[in-house]
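Trainee: Data: structure-v5.txt, compact mmCIF, C-alpha atoms and all ligand atoms.
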# COMPACT_ATOMS: atom_id res chain seq x y z
CA MET A 5 0.00 0.00 0.00
CA ALA A 6 1.23 3.51 -0.80
CA PRO A 7 2.34 5.38 2.32
CA SER A 8 -0.12 8.08 3.33
CA SER A 9 -0.39 9.80 6.67
CA ALA A 10 -3.00 12.23 5.40
CA VAL A 11 -5.89 13.42 7.56
CA HIS A 12 -8.68 14.74 5.35
CA VAL A 13 -11.12 17.01 7.18
CA ILE A 14 -14.25 17.15 5.04
CA GLU A 15 -15.61 20.60 5.70
CA HIS A 16 -18.26 20.98 3.03
CA PRO A 17 -20.95 23.28 4.52
CA LEU A 18 -23.60 20.56 4.22
CA VAL A 19 -21.40 18.08 6.12
CA THR A 20 -20.55 20.62 8.82
CA HIS A 21 -24.18 21.72 9.23
CA LYS A 22 -25.54 18.19 9.49
CA LEU A 23 -22.74 17.08 11.81
CA ASN A 24 -23.39 20.00 14.14
CA THR A 25 -27.12 19.28 14.06
CA LEU A 26 -26.59 15.73 15.21
CA ARG A 27 -24.37 16.91 18.07
CA ARG A 28 -27.43 18.54 19.71
CA LYS A 29 -28.56 16.51 22.69
CA ASP A 30 -32.27 16.96 21.92
CA VAL A 31 -32.06 15.33 18.44
CA SER A 32 -34.34 12.26 18.36
CA THR A 33 -33.01 8.75 17.62
CA ASN A 34 -34.81 8.83 14.29
CA SER A 35 -33.29 12.16 13.23
CA PHE A 36 -29.85 11.16 14.55
CA ARG A 37 -29.90 8.02 12.41
CA ARG A 38 -31.04 9.91 9.32
CA LEU A 39 -28.40 12.63 9.81
CA VAL A 40 -25.57 10.10 10.28
CA SER A 41 -26.62 8.41 7.07
CA GLU A 42 -26.81 11.74 5.20
CA VAL A 43 -23.44 13.00 6.48
CA SER A 44 -21.85 9.67 5.55
CA ALA A 45 -23.22 9.74 2.02
CA LEU A 46 -21.86 13.26 1.58
CA MET A 47 -18.49 12.19 2.97
CA ALA A 48 -18.44 9.20 0.60
CA TYR A 49 -18.25 11.64 -2.28
CA GLU A 50 -14.81 12.75 -1.04
CA VAL A 51 -13.63 9.42 0.39
CA LEU A 52 -14.28 7.63 -2.91
CA ARG A 53 -12.83 10.34 -5.12
CA ASP A 54 -9.96 8.09 -6.29
CA ILE A 55 -11.66 4.69 -6.57
CA PRO A 56 -10.76 2.97 -9.82
CA LEU A 57 -13.10 3.02 -12.81
CA HIS A 58 -13.06 0.36 -15.49
CA GLU A 59 -14.43 0.40 -18.99
CA GLU A 60 -17.58 -1.40 -20.09
CA GLN A 61 -19.48 -1.44 -23.37
CA ILE A 62 -22.96 -0.01 -22.83
CA GLU A 63 -25.88 0.75 -25.12
CA THR A 64 -27.32 4.25 -25.04
CA PRO A 65 -30.64 4.71 -26.88
CA LEU A 66 -28.54 5.90 -29.85
CA GLU A 67 -25.38 3.80 -30.03
CA THR A 68 -22.85 1.62 -28.26
CA MET A 69 -20.20 3.37 -26.22
CA THR A 70 -17.31 2.56 -23.92
CA ALA A 71 -18.26 3.86 -20.48
CA LYS A 72 -16.25 4.17 -17.29
CA VAL A 73 -17.98 2.56 -14.33
CA ILE A 74 -17.20 1.55 -10.75
CA ASP A 75 -16.75 -2.12 -9.93
CA GLY A 76 -18.58 -2.10 -6.61
CA LYS A 77 -17.43 -5.65 -5.85
CA LYS A 78 -13.87 -4.38 -5.47
CA LEU A 79 -14.95 -2.00 -2.73
CA VAL A 80 -15.52 -3.25 0.80
CA PHE A 81 -17.04 -1.17 3.57
CA VAL A 82 -15.97 -2.64 6.90
CA SER A 83 -18.23 -1.53 9.71
CA ILE A 84 -17.00 -1.60 13.27
CA LEU A 85 -19.91 -2.89 15.33
CA ARG A 86 -22.10 -1.51 16.44
CA ALA A 87 -21.99 2.20 15.69
CA GLY A 88 -20.33 1.78 12.27
CA GLY A 89 -23.71 0.64 10.95
CA GLY A 90 -24.94 4.23 10.71
CA ILE A 91 -22.12 5.23 8.38
CA LEU A 92 -22.41 1.97 6.46
CA ASP A 93 -26.03 2.77 5.51
CA GLY A 94 -25.05 6.16 4.11
CA MET A 95 -22.10 4.81 2.13
CA LEU A 96 -24.14 1.89 0.73
CA SER A 97 -26.81 4.33 -0.45
CA LEU A 98 -24.19 5.62 -2.93
CA VAL A 99 -22.48 2.32 -3.80
CA PRO A 100 -25.11 -0.39 -3.24
CA SER A 101 -23.01 -3.06 -4.97
CA ALA A 102 -20.11 -2.67 -2.51
CA ARG A 103 -19.24 -5.64 -0.32
CA VAL A 104 -19.54 -5.39 3.44
CA GLY A 105 -17.46 -6.69 6.33
CA HIS A 106 -18.07 -6.47 10.06
CA ILE A 107 -15.66 -6.33 12.96
CA GLY A 108 -17.05 -6.63 16.46
CA LEU A 109 -14.93 -4.79 18.98
CA TYR A 110 -15.95 -3.38 22.31
CA ARG A 111 -14.09 -0.98 24.52
CA ASP A 112 -13.26 -2.39 27.92
CA PRO A 113 -14.84 0.30 30.10
CA LYS A 114 -11.89 0.38 32.55
CA THR A 115 -8.86 0.06 30.25
CA HIS A 116 -10.50 1.39 27.04
CA ILE A 117 -8.65 -1.45 25.28
CA ALA A 118 -10.43 -2.93 22.23
CA VAL A 119 -11.57 -6.56 22.63
CA GLU A 120 -12.55 -8.47 19.45
CA TYR A 121 -15.68 -10.66 19.50
CA TYR A 122 -16.53 -10.92 15.76
CA PHE A 123 -14.66 -10.77 12.46
CA LYS A 124 -16.22 -11.45 9.05
CA VAL A 125 -14.94 -9.91 5.84
CA PRO A 126 -15.17 -10.91 2.14
CA ASN A 127 -12.54 -13.30 0.70
CA ASP A 128 -9.73 -12.09 -1.53
CA LEU A 129 -9.23 -8.78 0.25
CA HIS A 130 -5.91 -8.44 -1.60
CA GLU A 131 -7.98 -7.58 -4.71
CA ARG A 132 -10.20 -5.08 -2.92
CA ASP A 133 -10.13 -1.55 -1.52
CA VAL A 134 -11.32 -1.36 2.08
CA VAL A 135 -13.02 1.59 3.75
CA VAL A 136 -13.28 1.09 7.53
CA VAL A 137 -16.15 3.03 9.10
CA ASP A 138 -16.68 3.97 12.74
CA PRO A 139 -18.32 7.26 13.80
CA MET A 140 -15.87 8.19 16.57
CA LEU A 141 -12.05 8.12 16.53
CA ALA A 142 -11.58 8.56 20.28
CA THR A 143 -8.61 6.75 21.91
CA GLY A 144 -7.89 5.10 18.55
CA HIS A 145 -7.69 1.63 20.16
CA THR A 146 -10.64 0.24 18.21
CA ALA A 147 -9.50 1.66 14.88
CA ILE A 148 -5.95 0.34 15.43
CA ALA A 149 -7.19 -3.14 16.38
CA ALA A 150 -9.52 -3.27 13.35
CA ILE A 151 -6.77 -2.19 10.96
CA ASP A 152 -4.29 -4.64 12.56
CA ARG A 153 -6.70 -7.47 11.77
CA LEU A 154 -7.50 -6.25 8.25
CA LYS A 155 -3.83 -5.94 7.37
CA GLU A 156 -3.45 -9.69 8.03
CA HIS A 157 -5.58 -10.11 4.84
CA GLN A 158 -3.42 -7.67 2.82
CA PRO A 159 -6.16 -5.59 1.17
CA ARG A 160 -5.23 -3.49 -1.87
CA SER A 161 -5.82 -0.34 0.17
CA ILE A 162 -7.36 0.75 3.48
CA LYS A 163 -8.97 4.08 4.42
CA PHE A 164 -10.49 4.98 7.76
CA VAL A 165 -13.63 7.13 7.93
CA CYS A 166 -15.18 8.66 11.03
CA LEU A 167 -17.56 11.52 11.73
CA LEU A 168 -15.63 12.92 14.67
CA SER A 169 -12.01 12.61 15.73
CA CYS A 170 -9.75 14.19 18.33
CA PRO A 171 -6.00 14.90 18.46
CA GLU A 172 -5.31 11.94 20.78
CA GLY A 173 -7.01 9.41 18.51
CA LEU A 174 -5.44 10.79 15.36
CA ALA A 175 -1.97 10.68 16.94
CA ALA A 176 -2.42 7.09 18.18
CA LEU A 177 -3.73 5.88 14.83
CA HIS A 178 -0.95 7.65 12.97
CA GLU A 179 1.69 6.13 15.24
CA ALA A 180 0.33 2.60 14.77
CA HIS A 181 -0.62 2.89 11.08
CA PRO A 182 1.09 5.84 9.40
CA ASP A 183 0.10 4.46 5.98
CA ILE A 184 -3.65 4.77 6.55
CA PRO A 185 -5.44 7.95 5.42
CA VAL A 186 -8.16 9.22 7.75
CA TYR A 187 -11.32 11.03 6.66
CA THR A 188 -13.20 12.95 9.34
CA ALA A 189 -15.88 15.64 9.35
CA ALA A 190 -14.30 17.45 12.34
CA ILE A 191 -11.42 17.27 14.82
CA ASP A 192 -12.78 18.05 18.28
CA ARG A 193 -10.86 19.50 21.22
CA GLN A 194 -9.87 16.46 23.29
CA LEU A 195 -10.79 13.24 25.06
CA ASP A 196 -12.31 13.46 28.52
CA GLU A 197 -11.30 11.18 31.43
CA HIS A 198 -13.91 8.59 30.36
CA GLY A 199 -12.56 8.35 26.82
CA TYR A 200 -15.34 10.46 25.29
CA ILE A 201 -14.64 13.07 22.65
CA VAL A 202 -15.52 16.60 23.80
CA PRO A 203 -17.49 18.56 22.86
CA GLY A 204 -18.46 15.49 20.79
CA LEU A 205 -21.90 14.07 20.33
CA GLY A 206 -22.09 11.57 23.21
CA ASP A 207 -22.22 7.80 22.72
CA ALA A 208 -22.77 7.32 19.00
CA GLY A 209 -24.09 3.74 19.39
CA ASP A 210 -26.57 4.70 22.09
CA ARG A 211 -27.80 7.64 20.08
CA LEU A 212 -28.13 5.60 16.86
CA PHE A 213 -30.01 2.75 18.47
CA GLY A 214 -31.85 4.56 21.26
CA THR A 215 -30.22 2.47 24.01
N1 LIG B 301 -17.37 6.50 21.38
C1 LIG B 301 -18.49 7.28 21.33
O1 LIG B 301 -19.55 6.79 20.95
N2 LIG B 301 -18.39 8.55 21.72
C2 LIG B 301 -17.24 9.12 22.12
O2 LIG B 301 -17.22 10.30 22.43
C3 LIG B 301 -16.09 8.30 22.15
C4 LIG B 301 -16.17 6.99 21.77
Just give me the structure as structure tokens.
Ligand code: URA

Mentor:
Amino acid sequence: MAPSSAVHVIEHPLVTHKLNTLRRKDVSTNSFRRLVSEVSALMAYEVLRDIPLHEEQIETPLETMTAKVIDGKKLVFVSILRAGGGILDGMLSLVPSARVGHIGLYRDPKTHIAVEYYFKVPNDLHERDVVVVDPMLATGHTAIAAIDRLKEHQPRSIKFVCLLSCPEGLAALHEAHPDIPVYTAAIDRQLDEHGYIVPGLGDAGDRLFGT
């Protein structure tokens, strides 16, 4: 994989507006879910800017032409359970033919260390581009553990996408995986003593699923 330590902050006004709307504590579960999906679809536009196109013969109503199209099967969205599901929905709305993987990791509440309980990804990752999705890059432990596991399968490329990040999480992820580009809609001030991003948006999983 080509080395890339880039952090891409996607600051399109629509992304920023919707992100800041979902930060509000009085946003309902229903609206939160819809906003996460919308922000993610908008972010996908930037995240997928360099995905490969291949040529296919297609018929227009007037003639045959060679058209450039995406091969969705070569793209894998890997959702970190459970909160990654919100971003996954938004990304799949733009590339419905993409493949999907899931990694189950939970944060030990005392140590904040990531513990794996599920791992299922498509075969032949070495032929595919992987986009890992998780709404919050907080301590970075979960993202690092997920990418550690994915690298065992040698995918063609890996990107990491989150809605919110913080300097601590970005630094940890960069130290562990300097080759992985990160896409985020904002970099918040810091982590608090419980491992939450502040000002943040609270517990993304709880807010998505109403738990
Ligand atoms: N996970 C969340 O859901 N929120 C945070 O602020 C940090 C980690």

Trainee: Can you work out which residues are within 12 Å of ligand LIG 301 (chain B), considering only C-alpha atoms and all ligand atoms, and then hand them over as a PyMOL selection string?

Mentor: chain A and resi 27+84-88+90+109-113+116-118+138-147+166-170+172-173+191-213+215

Trainee: Hey, what's within 10 Å of Val99 in chain A if we count all atoms listed in the file and toss same-chain stuff fewer than 6 positions away? As a PDB file with C-alpha atoms, in the coordinates of the input, please?

Mentor:
ATOM      1  CA  ALA A  45     -23.220   9.740   2.020  1.00  0.00           C
ATOM      2  CA  ALA A  48     -18.440   9.200   0.600  1.00  0.00           C
ATOM      3  CA  LEU A  52     -14.280   7.630  -2.910  1.00  0.00           C
ATOM      4  CA  ILE A  74     -17.200   1.550 -10.750  1.00  0.00           C
ATOM      5  CA  ASP A  75     -16.750  -2.120  -9.930  1.00  0.00           C
ATOM      6  CA  GLY A  76     -18.580  -2.100  -6.610  1.00  0.00           C
ATOM      7  CA  LYS A  77     -17.430  -5.650  -5.850  1.00  0.00           C
ATOM      8  CA  LEU A  79     -14.950  -2.000  -2.730  1.00  0.00           C
ATOM      9  CA  PHE A  81     -17.040  -1.170   3.570  1.00  0.00           C
ATOM     10  CA  ASP A  93     -26.030   2.770   5.510  1.00  0.00           C
TER      11      ASP A  93
END

Trainee: Tell me, in Å to one decimal, how far CA of Ile184 in chain A is from CA of Asp152 in chain A.

Mentor: 11.2 Å

Trainee: Have a look at CA of Val82 in chain A and CA of Ile162 in chain A and let me know their distance in Å, one decimal.

Mentor: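 Interatomic distance, CA of Val82 in chain A to CA of Ile162 in chain A: 9.9 Å.
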
Trainee: For CA of Ile148 in chain A and CA of Thr115 in chain A, determine how far apart the two atoms are, in Å to one decimal place.

Mentor: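 Calculated distance between CA of Ile148 in chain A and CA of Thr115 in chain A is 15.1 Å.
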
Trainee: Hey, which of A:Lys78, A:Lys155, A:Ala180, A:Arg103 ends up closest to Glu131 in chain A? Count all atoms listed in the file.

Mentor: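 Counting all atoms listed in the file, the residue closest to Glu131 in chain A is A:Lys78.
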
Trainee: Taking only C-alpha atoms into account, which of A:Val135, A:Pro100, A:Ala176, A:Phe123 comes nearest Val51 in chain A?

Mentor: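 For Val51 in chain A, the nearest of the given residues is A:Val135.
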
Trainee: Specify the axis-aligned box that encloses all atoms of range 124-128 of chain A listed in the file after padding of 8 Å on each side, stating its centre and edge lengths in Å to one decimal as JSON.

Mentor:
{"center_x": -13.0, "center_y": -11.6, "center_z": 3.8, "size_x": 22.5, "size_y": 19.4, "size_z": 26.6}

Trainee: Around the point (-3.2, 11.5, 7.9), in the coordinates given by the file, pick out the residues reaching within 10 Å, counting all atoms listed in the file, and return them as a list of chain:residue names.

Mentor: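 With a cut-off of 10 Å, the residues come to A:Pro7, A:Ser8, A:Ser9, A:Ala10, A:Val11, A:His12, A:Val13, A:Phe164, A:Leu174, A:Ala175, A:Leu177, A:His178, A:His181, A:Pro182, A:Asp183, A:Ile184, A:Pro185, A:Val186, A:Tyr187.
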
Trainee: Could the residues in this selection be saved with C-alpha atoms as a PDB file, in the frame of the given file?

Mentor:
ATOM      1  CA  PRO A   7       2.340   5.380   2.320  1.00  0.00           C
ATOM      2  CA  SER A   8      -0.120   8.080   3.330  1.00  0.00           C
ATOM      3  CA  SER A   9      -0.390   9.800   6.670  1.00  0.00           C
ATOM      4  CA  ALA A  10      -3.000  12.230   5.400  1.00  0.00           C
ATOM      5  CA  VAL A  11      -5.890  13.420   7.560  1.00  0.00           C
ATOM      6  CA  HIS A  12      -8.680  14.740   5.350  1.00  0.00           C
ATOM      7  CA  VAL A  13     -11.120  17.010   7.180  1.00  0.00           C
ATOM      8  CA  PHE A 164     -10.490   4.980   7.760  1.00  0.00           C
ATOM      9  CA  LEU A 174      -5.440  10.790  15.360  1.00  0.00           C
ATOM     10  CA  ALA A 175      -1.970  10.680  16.940  1.00  0.00           C
ATOM     11  CA  LEU A 177      -3.730   5.880  14.830  1.00  0.00           C
ATOM     12  CA  HIS A 178      -0.950   7.650  12.970  1.00  0.00           C
ATOM     13  CA  HIS A 181      -0.620   2.890  11.080  1.00  0.00           C
ATOM     14  CA  PRO A 182       1.090   5.840   9.400  1.00  0.00           C
ATOM     15  CA  ASP A 183       0.100   4.460   5.980  1.00  0.00           C
ATOM     16  CA  ILE A 184      -3.650   4.770   6.550  1.00  0.00           C
ATOM     17  CA  PRO A 185      -5.440   7.950   5.420  1.00  0.00           C
ATOM     18  CA  VAL A 186      -8.160   9.220   7.750  1.00  0.00           C
ATOM     19  CA  TYR A 187     -11.320  11.030   6.660  1.00  0.00           C
TER      20      TYR A 187
END

Trainee: Restricting the calculation to only C-alpha atoms: of A:Leu23, A:Leu92, A:Val80, A:Leu57, which residue gets closest to Val104 in chain A?

Mentor: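 Closest to Val104 in chain A, using only C-alpha atoms: A:Val80.
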
Trainee: Which one is closest to Lys22 in chain A: A:Arg38, A:Val43, A:Glu60, A:Val136? Count all atoms listed in the file.

Mentor: A:Val43

Trainee: Please determine, counting all atoms listed in the file, which residue among A:Asn127, A:Gln158, A:Thr25, A:Thr20 has the shortest atom-to-atom distance to Ala190 in chain A.

Mentor: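 The closest residue to Ala190 in chain A is A:Thr20.
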
Trainee: Could range 105-119 of chain A be completed with N, CA, C and O atoms and returned as a PDB file, in the coordinates of the input?

Mentor:
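Once everything was written out, this is result39.pdb:
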ATOM      1  N   GLY A 105     -18.036  -5.871   5.266  1.00  0.00           N
ATOM      2  CA  GLY A 105     -17.460  -6.690   6.330  1.00  0.00           C
ATOM      3  C   GLY A 105     -17.864  -6.113   7.681  1.00  0.00           C
ATOM      4  O   GLY A 105     -18.274  -4.952   7.772  1.00  0.00           O
ATOM      5  N   HIS A 106     -17.759  -6.930   8.703  1.00  0.00           N
ATOM      6  CA  HIS A 106     -18.070  -6.470  10.060  1.00  0.00           C
ATOM      7  C   HIS A 106     -16.961  -6.889  11.018  1.00  0.00           C
ATOM      8  O   HIS A 106     -16.474  -8.022  10.945  1.00  0.00           O
ATOM      9  N   ILE A 107     -16.588  -5.982  11.882  1.00  0.00           N
ATOM     10  CA  ILE A 107     -15.660  -6.330  12.960  1.00  0.00           C
ATOM     11  C   ILE A 107     -16.325  -5.928  14.269  1.00  0.00           C
ATOM     12  O   ILE A 107     -16.733  -4.770  14.438  1.00  0.00           O
ATOM     13  N   GLY A 108     -16.454  -6.904  15.154  1.00  0.00           N
ATOM     14  CA  GLY A 108     -17.050  -6.630  16.460  1.00  0.00           C
ATOM     15  C   GLY A 108     -15.949  -6.374  17.474  1.00  0.00           C
ATOM     16  O   GLY A 108     -15.118  -7.246  17.747  1.00  0.00           O
ATOM     17  N   LEU A 109     -15.918  -5.171  17.977  1.00  0.00           N
ATOM     18  CA  LEU A 109     -14.930  -4.790  18.980  1.00  0.00           C
ATOM     19  C   LEU A 109     -15.649  -3.984  20.044  1.00  0.00           C
ATOM     20  O   LEU A 109     -16.457  -3.119  19.708  1.00  0.00           O
ATOM     21  N   TYR A 110     -15.396  -4.275  21.289  1.00  0.00           N
ATOM     22  CA  TYR A 110     -15.950  -3.380  22.310  1.00  0.00           C
ATOM     23  C   TYR A 110     -14.817  -2.810  23.148  1.00  0.00           C
ATOM     24  O   TYR A 110     -13.734  -3.398  23.239  1.00  0.00           O
ATOM     25  N   ARG A 111     -15.112  -1.640  23.699  1.00  0.00           N
ATOM     26  CA  ARG A 111     -14.090  -0.980  24.520  1.00  0.00           C
ATOM     27  C   ARG A 111     -14.235  -1.439  25.947  1.00  0.00           C
ATOM     28  O   ARG A 111     -15.297  -1.252  26.547  1.00  0.00           O
ATOM     29  N   ASP A 112     -13.199  -2.051  26.502  1.00  0.00           N
ATOM     30  CA  ASP A 112     -13.260  -2.390  27.920  1.00  0.00           C
ATOM     31  C   ASP A 112     -13.446  -1.078  28.693  1.00  0.00           C
ATOM     32  O   ASP A 112     -12.665  -0.139  28.521  1.00  0.00           O
ATOM     33  N   PRO A 113     -14.534  -0.990  29.496  1.00  0.00           N
ATOM     34  CA  PRO A 113     -14.840   0.300  30.100  1.00  0.00           C
ATOM     35  C   PRO A 113     -13.754   0.830  31.041  1.00  0.00           C
ATOM     36  O   PRO A 113     -13.627   2.041  31.220  1.00  0.00           O
ATOM     37  N   LYS A 114     -12.934  -0.087  31.630  1.00  0.00           N
ATOM     38  CA  LYS A 114     -11.890   0.380  32.550  1.00  0.00           C
ATOM     39  C   LYS A 114     -10.612   0.753  31.802  1.00  0.00           C
ATOM     40  O   LYS A 114     -10.038   1.816  31.993  1.00  0.00           O
ATOM     41  N   THR A 115     -10.168  -0.161  30.905  1.00  0.00           N
ATOM     42  CA  THR A 115      -8.860   0.060  30.250  1.00  0.00           C
ATOM     43  C   THR A 115      -8.991   0.802  28.927  1.00  0.00           C
ATOM     44  O   THR A 115      -7.995   1.300  28.400  1.00  0.00           O
ATOM     45  N   HIS A 116     -10.243   0.833  28.372  1.00  0.00           N
ATOM     46  CA  HIS A 116     -10.500   1.390  27.040  1.00  0.00           C
ATOM     47  C   HIS A 116      -9.797   0.599  25.935  1.00  0.00           C
ATOM     48  O   HIS A 116      -9.679   1.048  24.808  1.00  0.00           O
ATOM     49  N   ILE A 117      -9.289  -0.607  26.284  1.00  0.00           N
ATOM     50  CA  ILE A 117      -8.650  -1.450  25.280  1.00  0.00           C
ATOM     51  C   ILE A 117      -9.732  -2.140  24.434  1.00  0.00           C
ATOM     52  O   ILE A 117     -10.788  -2.515  24.948  1.00  0.00           O
ATOM     53  N   ALA A 118      -9.459  -2.302  23.124  1.00  0.00           N
ATOM     54  CA  ALA A 118     -10.430  -2.930  22.230  1.00  0.00           C
ATOM     55  C   ALA A 118     -10.349  -4.456  22.339  1.00  0.00           C
ATOM     56  O   ALA A 118      -9.264  -5.023  22.262  1.00  0.00           O
ATOM     57  N   VAL A 119     -11.515  -5.091  22.538  1.00  0.00           N
ATOM     58  CA  VAL A 119     -11.570  -6.560  22.630  1.00  0.00           C
ATOM     59  C   VAL A 119     -12.414  -7.065  21.459  1.00  0.00           C
ATOM     60  O   VAL A 119     -13.555  -6.637  21.272  1.00  0.00           O
TER      61      VAL A 119
END
